[in-house]
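data01.cif follows; it contains mmCIF, N, CA and C atoms.
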```cif
data_coords
#
loop_
_atom_site.group_PDB
_atom_site.id
_atom_site.type_symbol
_atom_site.label_atom_id
_atom_site.label_comp_id
_atom_site.auth_asym_id
_atom_site.auth_seq_id
_atom_site.Cartn_x
_atom_site.Cartn_y
_atom_site.Cartn_z
ATOM 1 N N MET A 27 -174.483 -104.728 40.356
ATOM 2 C CA MET A 27 -175.929 -104.715 40.503
ATOM 3 C C MET A 27 -176.319 -104.146 41.868
ATOM 4 N N ILE A 28 -175.578 -104.498 42.912
ATOM 5 C CA ILE A 28 -175.889 -103.999 44.254
ATOM 6 C C ILE A 28 -175.727 -102.487 44.311
ATOM 7 N N ILE A 29 -174.715 -101.990 43.672
ATOM 8 C CA ILE A 29 -174.437 -100.550 43.692
ATOM 9 C C ILE A 29 -175.525 -99.760 42.977
ATOM 10 N N PHE A 30 -176.009 -100.277 41.873
ATOM 11 C CA PHE A 30 -176.970 -99.538 41.051
ATOM 12 C C PHE A 30 -178.418 -99.998 41.232
ATOM 13 N N LYS A 31 -178.712 -100.783 42.267
ATOM 14 C CA LYS A 31 -180.066 -101.322 42.411
ATOM 15 C C LYS A 31 -181.121 -100.231 42.579
ATOM 16 N N ASN A 32 -180.824 -99.173 43.347
ATOM 17 C CA ASN A 32 -181.798 -98.091 43.516
ATOM 18 C C ASN A 32 -182.066 -97.378 42.194
ATOM 19 N N PHE A 33 -181.031 -97.160 41.419
ATOM 20 C CA PHE A 33 -181.189 -96.517 40.113
ATOM 21 C C PHE A 33 -182.067 -97.386 39.209
ATOM 22 N N PHE A 34 -181.774 -98.693 39.167
ATOM 23 C CA PHE A 34 -182.555 -99.601 38.322
ATOM 24 C C PHE A 34 -183.998 -99.682 38.796
ATOM 25 N N TYR A 35 -184.205 -99.720 40.094
ATOM 26 C CA TYR A 35 -185.548 -99.809 40.644
ATOM 27 C C TYR A 35 -186.362 -98.571 40.270
ATOM 28 N N LYS A 36 -185.768 -97.382 40.437
ATOM 29 C CA LYS A 36 -186.480 -96.145 40.094
ATOM 30 C C LYS A 36 -186.791 -96.089 38.607
ATOM 31 N N ALA A 37 -185.834 -96.469 37.779
ATOM 32 C CA ALA A 37 -186.062 -96.449 36.330
ATOM 33 C C ALA A 37 -187.152 -97.452 35.943
ATOM 34 N N LEU A 38 -187.095 -98.640 36.514
ATOM 35 C CA LEU A 38 -188.069 -99.673 36.185
ATOM 36 C C LEU A 38 -189.476 -99.299 36.644
ATOM 37 N N THR A 39 -189.602 -98.737 37.848
ATOM 38 C CA THR A 39 -190.932 -98.349 38.334
ATOM 39 C C THR A 39 -191.460 -97.107 37.642
ATOM 40 N N THR A 40 -190.580 -96.312 37.050
ATOM 41 C CA THR A 40 -191.041 -95.176 36.245
ATOM 42 C C THR A 40 -191.653 -95.700 34.941
ATOM 43 N N ILE A 41 -191.015 -96.678 34.354
ATOM 44 C CA ILE A 41 -191.505 -97.250 33.108
ATOM 45 C C ILE A 41 -192.717 -98.153 33.355
ATOM 46 N N LEU A 42 -192.639 -98.962 34.404
ATOM 47 C CA LEU A 42 -193.708 -99.901 34.752
ATOM 48 C C LEU A 42 -194.182 -99.625 36.184
ATOM 49 N N PRO A 43 -195.081 -98.655 36.383
ATOM 50 C CA PRO A 43 -195.466 -98.228 37.729
ATOM 51 C C PRO A 43 -196.141 -99.312 38.572
ATOM 52 N N PHE A 44 -196.704 -100.339 37.951
ATOM 53 C CA PHE A 44 -197.364 -101.387 38.728
ATOM 54 C C PHE A 44 -196.359 -102.242 39.509
ATOM 55 N N LEU A 45 -195.062 -102.121 39.215
ATOM 56 C CA LEU A 45 -194.032 -102.855 39.952
ATOM 57 C C LEU A 45 -193.622 -102.170 41.258
ATOM 58 N N HIS A 46 -194.088 -100.941 41.449
ATOM 59 C CA HIS A 46 -193.718 -100.186 42.647
ATOM 60 C C HIS A 46 -194.312 -100.847 43.897
ATOM 61 N N ILE A 47 -193.457 -101.080 44.885
ATOM 62 C CA ILE A 47 -193.890 -101.637 46.151
ATOM 63 C C ILE A 47 -194.011 -100.490 47.129
ATOM 64 N N GLY A 48 -195.213 -100.203 47.533
ATOM 65 C CA GLY A 48 -195.444 -99.074 48.422
ATOM 66 C C GLY A 48 -195.494 -99.496 49.869
ATOM 67 N N ASN A 49 -195.400 -98.537 50.744
ATOM 68 C CA ASN A 49 -195.561 -98.798 52.166
ATOM 69 C C ASN A 49 -197.051 -98.770 52.465
ATOM 70 N N PHE A 50 -197.544 -99.827 53.068
ATOM 71 C CA PHE A 50 -198.949 -99.879 53.423
ATOM 72 C C PHE A 50 -199.103 -100.628 54.731
ATOM 73 N N GLU A 51 -200.217 -100.399 55.359
ATOM 74 C CA GLU A 51 -200.487 -101.032 56.639
ATOM 75 C C GLU A 51 -201.754 -101.870 56.502
ATOM 76 N N ILE A 52 -201.678 -103.113 56.933
ATOM 77 C CA ILE A 52 -202.843 -103.985 56.885
ATOM 78 C C ILE A 52 -203.591 -103.838 58.200
ATOM 79 N N ASP A 53 -204.843 -103.454 58.110
ATOM 80 C CA ASP A 53 -205.680 -103.316 59.292
ATOM 81 C C ASP A 53 -206.960 -104.094 59.039
ATOM 82 N N GLU A 54 -207.059 -105.275 59.641
ATOM 83 C CA GLU A 54 -208.228 -106.114 59.444
ATOM 84 C C GLU A 54 -209.273 -105.880 60.523
ATOM 85 N N ASP A 55 -209.038 -104.911 61.385
ATOM 86 C CA ASP A 55 -209.973 -104.570 62.447
ATOM 87 C C ASP A 55 -210.336 -105.801 63.284
ATOM 88 N N LEU A 56 -209.291 -106.536 63.709
ATOM 89 C CA LEU A 56 -209.498 -107.728 64.521
ATOM 90 C C LEU A 56 -209.470 -107.387 66.001
ATOM 91 N N ASP A 57 -210.218 -108.153 66.759
ATOM 92 C CA ASP A 57 -210.224 -108.053 68.212
ATOM 93 C C ASP A 57 -208.919 -108.657 68.736
ATOM 94 N N ASN A 58 -208.757 -108.784 70.049
ATOM 95 C CA ASN A 58 -207.537 -109.400 70.576
ATOM 96 C C ASN A 58 -207.500 -110.884 70.208
ATOM 97 N N TYR A 59 -206.353 -111.494 70.350
ATOM 98 C CA TYR A 59 -206.119 -112.878 69.910
ATOM 99 C C TYR A 59 -207.158 -113.845 70.454
ATOM 100 N N PHE A 60 -207.448 -113.784 71.735
ATOM 101 C CA PHE A 60 -208.336 -114.754 72.365
ATOM 102 C C PHE A 60 -209.770 -114.645 71.855
ATOM 103 N N ASN A 61 -210.188 -113.483 71.432
ATOM 104 C CA ASN A 61 -211.537 -113.310 70.897
ATOM 105 C C ASN A 61 -211.628 -113.598 69.407
ATOM 106 N N THR A 62 -210.509 -113.845 68.754
ATOM 107 C CA THR A 62 -210.534 -114.145 67.324
ATOM 108 C C THR A 62 -210.377 -115.634 67.047
ATOM 109 N N ILE A 63 -210.389 -116.446 68.094
ATOM 110 C CA ILE A 63 -210.274 -117.896 67.945
ATOM 111 C C ILE A 63 -211.679 -118.483 67.986
ATOM 112 N N ASP A 64 -211.987 -119.358 67.021
ATOM 113 C CA ASP A 64 -213.323 -119.968 67.033
ATOM 114 C C ASP A 64 -213.421 -120.998 68.162
ATOM 115 N N ASP A 65 -214.644 -121.433 68.427
ATOM 116 C CA ASP A 65 -214.887 -122.311 69.578
ATOM 117 C C ASP A 65 -214.145 -123.640 69.474
ATOM 118 N N LYS A 66 -214.059 -124.194 68.279
ATOM 119 C CA LYS A 66 -213.367 -125.474 68.089
ATOM 120 C C LYS A 66 -211.886 -125.350 68.449
ATOM 121 N N ASP A 67 -211.222 -124.297 67.955
ATOM 122 C CA ASP A 67 -209.802 -124.097 68.254
ATOM 123 C C ASP A 67 -209.581 -123.761 69.723
ATOM 124 N N ARG A 68 -210.503 -123.014 70.307
ATOM 125 C CA ARG A 68 -210.386 -122.672 71.732
ATOM 126 C C ARG A 68 -210.461 -123.948 72.572
ATOM 127 N N GLN A 69 -211.442 -124.805 72.279
ATOM 128 C CA GLN A 69 -211.573 -126.056 73.020
ATOM 129 C C GLN A 69 -210.373 -126.968 72.801
ATOM 130 N N TRP A 70 -209.828 -126.954 71.584
ATOM 131 C CA TRP A 70 -208.633 -127.752 71.297
ATOM 132 C C TRP A 70 -207.493 -127.325 72.218
ATOM 133 N N SER A 71 -207.252 -126.025 72.329
ATOM 134 C CA SER A 71 -206.154 -125.519 73.163
ATOM 135 C C SER A 71 -206.370 -125.856 74.634
ATOM 136 N N ILE A 72 -207.606 -125.720 75.093
ATOM 137 C CA ILE A 72 -207.908 -126.010 76.500
ATOM 138 C C ILE A 72 -207.723 -127.496 76.799
ATOM 139 N N LYS A 73 -208.243 -128.353 75.942
ATOM 140 C CA LYS A 73 -208.136 -129.801 76.157
ATOM 141 C C LYS A 73 -206.684 -130.276 76.065
ATOM 142 N N GLU A 74 -205.919 -129.726 75.135
ATOM 143 C CA GLU A 74 -204.499 -130.080 75.029
ATOM 144 C C GLU A 74 -203.764 -129.717 76.319
ATOM 145 N N GLU A 75 -204.050 -128.540 76.844
ATOM 146 C CA GLU A 75 -203.386 -128.108 78.073
ATOM 147 C C GLU A 75 -203.813 -128.964 79.266
ATOM 148 N N GLN A 76 -205.106 -129.258 79.363
ATOM 149 C CA GLN A 76 -205.574 -130.097 80.467
ATOM 150 C C GLN A 76 -204.940 -131.485 80.398
ATOM 151 N N ASN A 77 -204.818 -132.040 79.207
ATOM 152 C CA ASN A 77 -204.184 -133.347 79.049
ATOM 153 C C ASN A 77 -202.711 -133.305 79.464
ATOM 154 N N ALA A 78 -202.010 -132.249 79.063
ATOM 155 C CA ALA A 78 -200.594 -132.123 79.419
ATOM 156 C C ALA A 78 -200.424 -131.994 80.929
ATOM 157 N N ARG A 79 -201.304 -131.234 81.556
ATOM 158 C CA ARG A 79 -201.194 -131.042 83.002
ATOM 159 C C ARG A 79 -201.575 -132.300 83.777
ATOM 160 N N ASP A 80 -202.651 -132.968 83.348
ATOM 161 C CA ASP A 80 -203.145 -134.136 84.087
ATOM 162 C C ASP A 80 -202.266 -135.363 83.886
ATOM 163 N N ASN A 81 -201.887 -135.633 82.645
ATOM 164 C CA ASN A 81 -201.197 -136.889 82.340
ATOM 165 C C ASN A 81 -199.683 -136.772 82.277
ATOM 166 N N LEU A 82 -199.193 -135.631 81.866
ATOM 167 C CA LEU A 82 -197.748 -135.475 81.700
ATOM 168 C C LEU A 82 -197.116 -134.635 82.808
ATOM 169 N N LYS A 83 -197.954 -134.007 83.616
ATOM 170 C CA LYS A 83 -197.498 -133.154 84.730
ATOM 171 C C LYS A 83 -196.611 -131.999 84.245
ATOM 172 N N LEU A 84 -196.988 -131.425 83.110
ATOM 173 C CA LEU A 84 -196.258 -130.251 82.636
ATOM 174 C C LEU A 84 -197.238 -129.201 82.134
ATOM 175 N N HIS A 85 -196.778 -127.972 82.168
ATOM 176 C CA HIS A 85 -197.580 -126.838 81.729
ATOM 177 C C HIS A 85 -197.033 -126.342 80.405
ATOM 178 N N VAL A 86 -197.853 -126.405 79.369
ATOM 179 C CA VAL A 86 -197.469 -125.856 78.073
ATOM 180 C C VAL A 86 -197.816 -124.373 78.048
ATOM 181 N N LEU A 87 -198.983 -124.041 78.574
ATOM 182 C CA LEU A 87 -199.432 -122.652 78.649
ATOM 183 C C LEU A 87 -199.263 -122.135 80.069
ATOM 184 N N GLU A 88 -199.078 -120.845 80.183
ATOM 185 C CA GLU A 88 -199.073 -120.232 81.504
ATOM 186 C C GLU A 88 -200.500 -120.238 82.040
ATOM 187 N N ASP A 89 -200.647 -120.185 83.351
ATOM 188 C CA ASP A 89 -201.974 -120.199 83.971
ATOM 189 C C ASP A 89 -202.844 -119.058 83.455
ATOM 190 N N GLU A 90 -202.263 -117.882 83.303
ATOM 191 C CA GLU A 90 -203.011 -116.718 82.816
ATOM 192 C C GLU A 90 -203.503 -116.940 81.385
ATOM 193 N N THR A 91 -202.690 -117.548 80.554
ATOM 194 C CA THR A 91 -203.087 -117.820 79.169
ATOM 195 C C THR A 91 -204.227 -118.835 79.136
ATOM 196 N N LEU A 92 -204.132 -119.884 79.918
ATOM 197 C CA LEU A 92 -205.202 -120.869 79.993
ATOM 198 C C LEU A 92 -206.490 -120.223 80.483
ATOM 199 N N ARG A 93 -206.391 -119.393 81.497
ATOM 200 C CA ARG A 93 -207.575 -118.698 82.022
ATOM 201 C C ARG A 93 -208.222 -117.841 80.945
ATOM 202 N N ARG A 94 -207.413 -117.146 80.152
ATOM 203 C CA ARG A 94 -207.964 -116.297 79.086
ATOM 204 C C ARG A 94 -208.628 -117.126 78.000
ATOM 205 N N PHE A 95 -208.068 -118.300 77.692
ATOM 206 C CA PHE A 95 -208.733 -119.204 76.750
ATOM 207 C C PHE A 95 -210.099 -119.616 77.293
ATOM 208 N N GLN A 96 -210.153 -119.947 78.568
ATOM 209 C CA GLN A 96 -211.389 -120.429 79.170
ATOM 210 C C GLN A 96 -212.452 -119.352 79.291
ATOM 211 N N GLU A 97 -212.052 -118.110 79.529
ATOM 212 C CA GLU A 97 -213.011 -117.038 79.770
ATOM 213 C C GLU A 97 -213.392 -116.253 78.520
ATOM 214 N N SER A 98 -212.631 -116.360 77.474
ATOM 215 C CA SER A 98 -212.904 -115.553 76.278
ATOM 216 C C SER A 98 -214.063 -116.141 75.476
ATOM 217 N N LYS A 99 -214.679 -115.298 74.693
ATOM 218 C CA LYS A 99 -215.776 -115.686 73.811
ATOM 219 C C LYS A 99 -215.424 -115.290 72.390
ATOM 220 N N LYS A 100 -215.949 -116.045 71.443
ATOM 221 C CA LYS A 100 -215.681 -115.763 70.030
ATOM 222 C C LYS A 100 -216.255 -114.407 69.656
ATOM 223 N N GLY A 101 -215.427 -113.584 68.994
ATOM 224 C CA GLY A 101 -215.856 -112.276 68.546
ATOM 225 C C GLY A 101 -216.500 -112.345 67.166
ATOM 226 N N GLU A 102 -216.669 -111.185 66.550
ATOM 227 C CA GLU A 102 -217.309 -111.111 65.234
ATOM 228 C C GLU A 102 -216.422 -111.690 64.140
ATOM 229 N N LYS A 103 -215.126 -111.443 64.220
ATOM 230 C CA LYS A 103 -214.191 -111.948 63.214
ATOM 231 C C LYS A 103 -213.275 -112.974 63.850
ATOM 232 N N VAL A 104 -212.974 -114.042 63.108
ATOM 233 C CA VAL A 104 -212.109 -115.092 63.644
ATOM 234 C C VAL A 104 -210.932 -115.333 62.717
ATOM 235 N N ILE A 105 -209.902 -115.946 63.280
ATOM 236 C CA ILE A 105 -208.707 -116.308 62.525
ATOM 237 C C ILE A 105 -209.038 -117.492 61.627
ATOM 238 N N ASN A 106 -208.653 -117.411 60.372
ATOM 239 C CA ASN A 106 -208.834 -118.530 59.447
ATOM 240 C C ASN A 106 -207.609 -119.414 59.479
ATOM 241 N N GLY A 107 -207.802 -120.709 59.366
ATOM 242 C CA GLY A 107 -206.671 -121.629 59.355
ATOM 243 C C GLY A 107 -206.249 -121.991 60.764
ATOM 244 N N THR A 108 -204.997 -122.355 60.905
ATOM 245 C CA THR A 108 -204.463 -122.788 62.189
ATOM 246 C C THR A 108 -204.253 -121.579 63.097
ATOM 247 N N HIS A 109 -204.700 -121.679 64.324
ATOM 248 C CA HIS A 109 -204.721 -120.538 65.238
ATOM 249 C C HIS A 109 -203.432 -120.343 66.032
ATOM 250 N N CYS A 110 -202.498 -121.305 65.947
ATOM 251 C CA CYS A 110 -201.257 -121.180 66.711
ATOM 252 C C CYS A 110 -200.130 -121.876 65.967
ATOM 253 N N TYR A 111 -198.943 -121.821 66.518
ATOM 254 C CA TYR A 111 -197.772 -122.405 65.865
ATOM 255 C C TYR A 111 -197.545 -123.868 66.239
ATOM 256 N N ASP A 112 -198.440 -124.456 67.015
ATOM 257 C CA ASP A 112 -198.332 -125.866 67.368
ATOM 258 C C ASP A 112 -198.631 -126.686 66.119
ATOM 259 N N ILE A 113 -197.677 -127.483 65.681
ATOM 260 C CA ILE A 113 -197.839 -128.229 64.430
ATOM 261 C C ILE A 113 -199.000 -129.218 64.521
ATOM 262 N N LEU A 114 -199.305 -129.683 65.715
ATOM 263 C CA LEU A 114 -200.408 -130.623 65.872
ATOM 264 C C LEU A 114 -201.770 -129.942 65.829
ATOM 265 N N ALA A 115 -201.802 -128.624 65.859
ATOM 266 C CA ALA A 115 -203.061 -127.905 65.710
ATOM 267 C C ALA A 115 -203.479 -127.827 64.252
ATOM 268 N N ASN A 116 -202.551 -128.116 63.361
ATOM 269 C CA ASN A 116 -202.838 -128.087 61.931
ATOM 270 C C ASN A 116 -203.377 -129.444 61.510
ATOM 271 N N GLU A 117 -204.625 -129.476 61.050
ATOM 272 C CA GLU A 117 -205.276 -130.740 60.706
ATOM 273 C C GLU A 117 -204.572 -131.484 59.576
ATOM 274 N N LEU A 118 -203.794 -130.787 58.778
ATOM 275 C CA LEU A 118 -203.088 -131.437 57.678
ATOM 276 C C LEU A 118 -201.991 -132.385 58.171
ATOM 277 N N TYR A 119 -201.513 -132.188 59.404
ATOM 278 C CA TYR A 119 -200.427 -133.005 59.934
ATOM 279 C C TYR A 119 -200.906 -134.141 60.854
ATOM 280 N N LEU A 120 -202.169 -134.136 61.219
ATOM 281 C CA LEU A 120 -202.643 -135.124 62.188
ATOM 282 C C LEU A 120 -202.419 -136.552 61.716
ATOM 283 N N ASP A 121 -202.754 -136.856 60.464
ATOM 284 C CA ASP A 121 -202.544 -138.216 59.945
ATOM 285 C C ASP A 121 -201.060 -138.556 59.847
ATOM 286 N N ASP A 122 -200.264 -137.585 59.432
ATOM 287 C CA ASP A 122 -198.832 -137.832 59.282
ATOM 288 C C ASP A 122 -198.179 -138.248 60.602
ATOM 289 N N PHE A 123 -198.650 -137.648 61.688
ATOM 290 C CA PHE A 123 -198.075 -137.952 62.999
ATOM 291 C C PHE A 123 -198.894 -138.991 63.768
ATOM 292 N N GLN A 124 -199.980 -139.472 63.162
ATOM 293 C CA GLN A 124 -200.890 -140.423 63.803
ATOM 294 C C GLN A 124 -201.278 -139.929 65.197
ATOM 295 N N TYR A 125 -201.704 -138.685 65.242
ATOM 296 C CA TYR A 125 -202.019 -138.022 66.516
ATOM 297 C C TYR A 125 -203.510 -137.926 66.722
ATOM 298 N N TYR A 126 -203.957 -138.285 67.908
ATOM 299 C CA TYR A 126 -205.351 -138.163 68.289
ATOM 300 C C TYR A 126 -205.437 -137.186 69.440
ATOM 301 N N SER A 127 -205.993 -136.048 69.180
ATOM 302 C CA SER A 127 -206.050 -134.966 70.167
ATOM 303 C C SER A 127 -206.965 -135.313 71.328
ATOM 304 N N PRO A 128 -206.641 -134.814 72.516
ATOM 305 C CA PRO A 128 -207.555 -134.967 73.657
ATOM 306 C C PRO A 128 -208.880 -134.246 73.429
ATOM 307 N N ALA A 129 -208.918 -133.358 72.462
ATOM 308 C CA ALA A 129 -210.153 -132.636 72.170
ATOM 309 C C ALA A 129 -211.152 -133.492 71.383
ATOM 310 N N LEU A 130 -210.712 -134.658 70.892
ATOM 311 C CA LEU A 130 -211.623 -135.545 70.159
ATOM 312 C C LEU A 130 -212.554 -136.265 71.131
ATOM 313 N N PRO A 131 -213.824 -136.325 70.795
ATOM 314 C CA PRO A 131 -214.738 -137.079 71.671
ATOM 315 C C PRO A 131 -214.395 -138.571 71.630
ATOM 316 N N ASP A 132 -214.551 -139.238 72.737
ATOM 317 C CA ASP A 132 -214.307 -140.684 72.874
ATOM 318 C C ASP A 132 -212.896 -141.076 72.420
ATOM 319 N N ARG A 133 -211.949 -140.261 72.755
ATOM 320 C CA ARG A 133 -210.552 -140.550 72.393
ATOM 321 C C ARG A 133 -210.162 -141.796 73.038
#
```

Since I need it in another form, could you write the structure as structure tokens?
Amino acid sequence: MIIFKNFFYKALTTILPFLHIGNFEIDEDLDNYFNTIDDKDRQWSIKEEQNARDNLKLHVLEDETLRRFQESKKGEKVINGTHCYDILANELYLDDFQYYSPALPDR
């Protein structure tokens, strides 16, 4: 099968052209990362970093990254869903980990 996969693929896509996987480029015309984050997610990242620095004495973000979060403004298009790879930024996991973010009022 490995030897003849190209032959089978060409024959199959000739018979069933909708199976052909073409090369394409996704261009959503997005601004840079910091301008595609909505205000809620931006504040979440800033508050998480401030909490880590004040209470834990550690830096999760570099100073330049924190500065860009603080100075950036929401653009026309924003990222849908979770804005970063931090598992605690995903609201679906908050209850599972019993986590209360520093971004919550009256925490």

- Query: By how many Å are CA of Asn61 (chain A) and atom N of Asn106 (chain A) apart?
  - Reply: 11.7 Å

With 6 Å added on each side, what axis-aligned box encloses every listed atom of region 33-41 of chain A? Give the centre and edge lengths in Å to one decimal, as lines of an AutoDock Vina configuration file.
```
center_x = -186.9
center_y = -97.5
center_z = 37.3
size_x = 23.7
size_y = 16.6
size_z = 20.3
```

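Separating atom C of Arg94 (chain A) from atom C of Asp121 (chain A) is a distance of 29.1 Å.
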
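Excluding Phe95 (chain A) itself and same-chain residues fewer than 3 positions from it, the residues having an atom within 7 Å of it are Phe60, Arg68, Ile72, Glu90, Thr91, Leu92, Ser98 and Lys99 of chain A, counting all atoms listed in the file.
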
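Using all atoms listed in the file, the smallest distance between any of A:Asp112, A:Glu117, A:Glu74, A:Glu51 and Ala129 (chain A) comes from A:Glu74.
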
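Taking CA of Glu88 (chain A) as the reference point, CA of Lys73 (chain A) is found at 14.2 Å.
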
- Item | Pick from A:Lys103, A:Ile28, A:Ser71, A:His85 nearest to Asp55 (chain A), counting all atoms listed in the file |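 Answer, going by the shortest atom-to-atom distance: A:Lys103.
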
- Query: Could you write out, as number ranges by chain, all the residues of chain A that DSSP marks as alpha helix (DSSP H)?
  - Reply: A: 31-41, 65-77, 89-97, 117-123

- Query: If you count only C-alpha atoms, which residues fall within 8 Å of Thr62 (chain A), apart from same-chain ones fewer than 2 positions away, as a list in words?
  - Reply: Leu56, Asp57, Asn58, Tyr59, Phe60, Asp64, Lys100, Gly101, Glu102, Lys103, Val104 and Ile105 of chain A
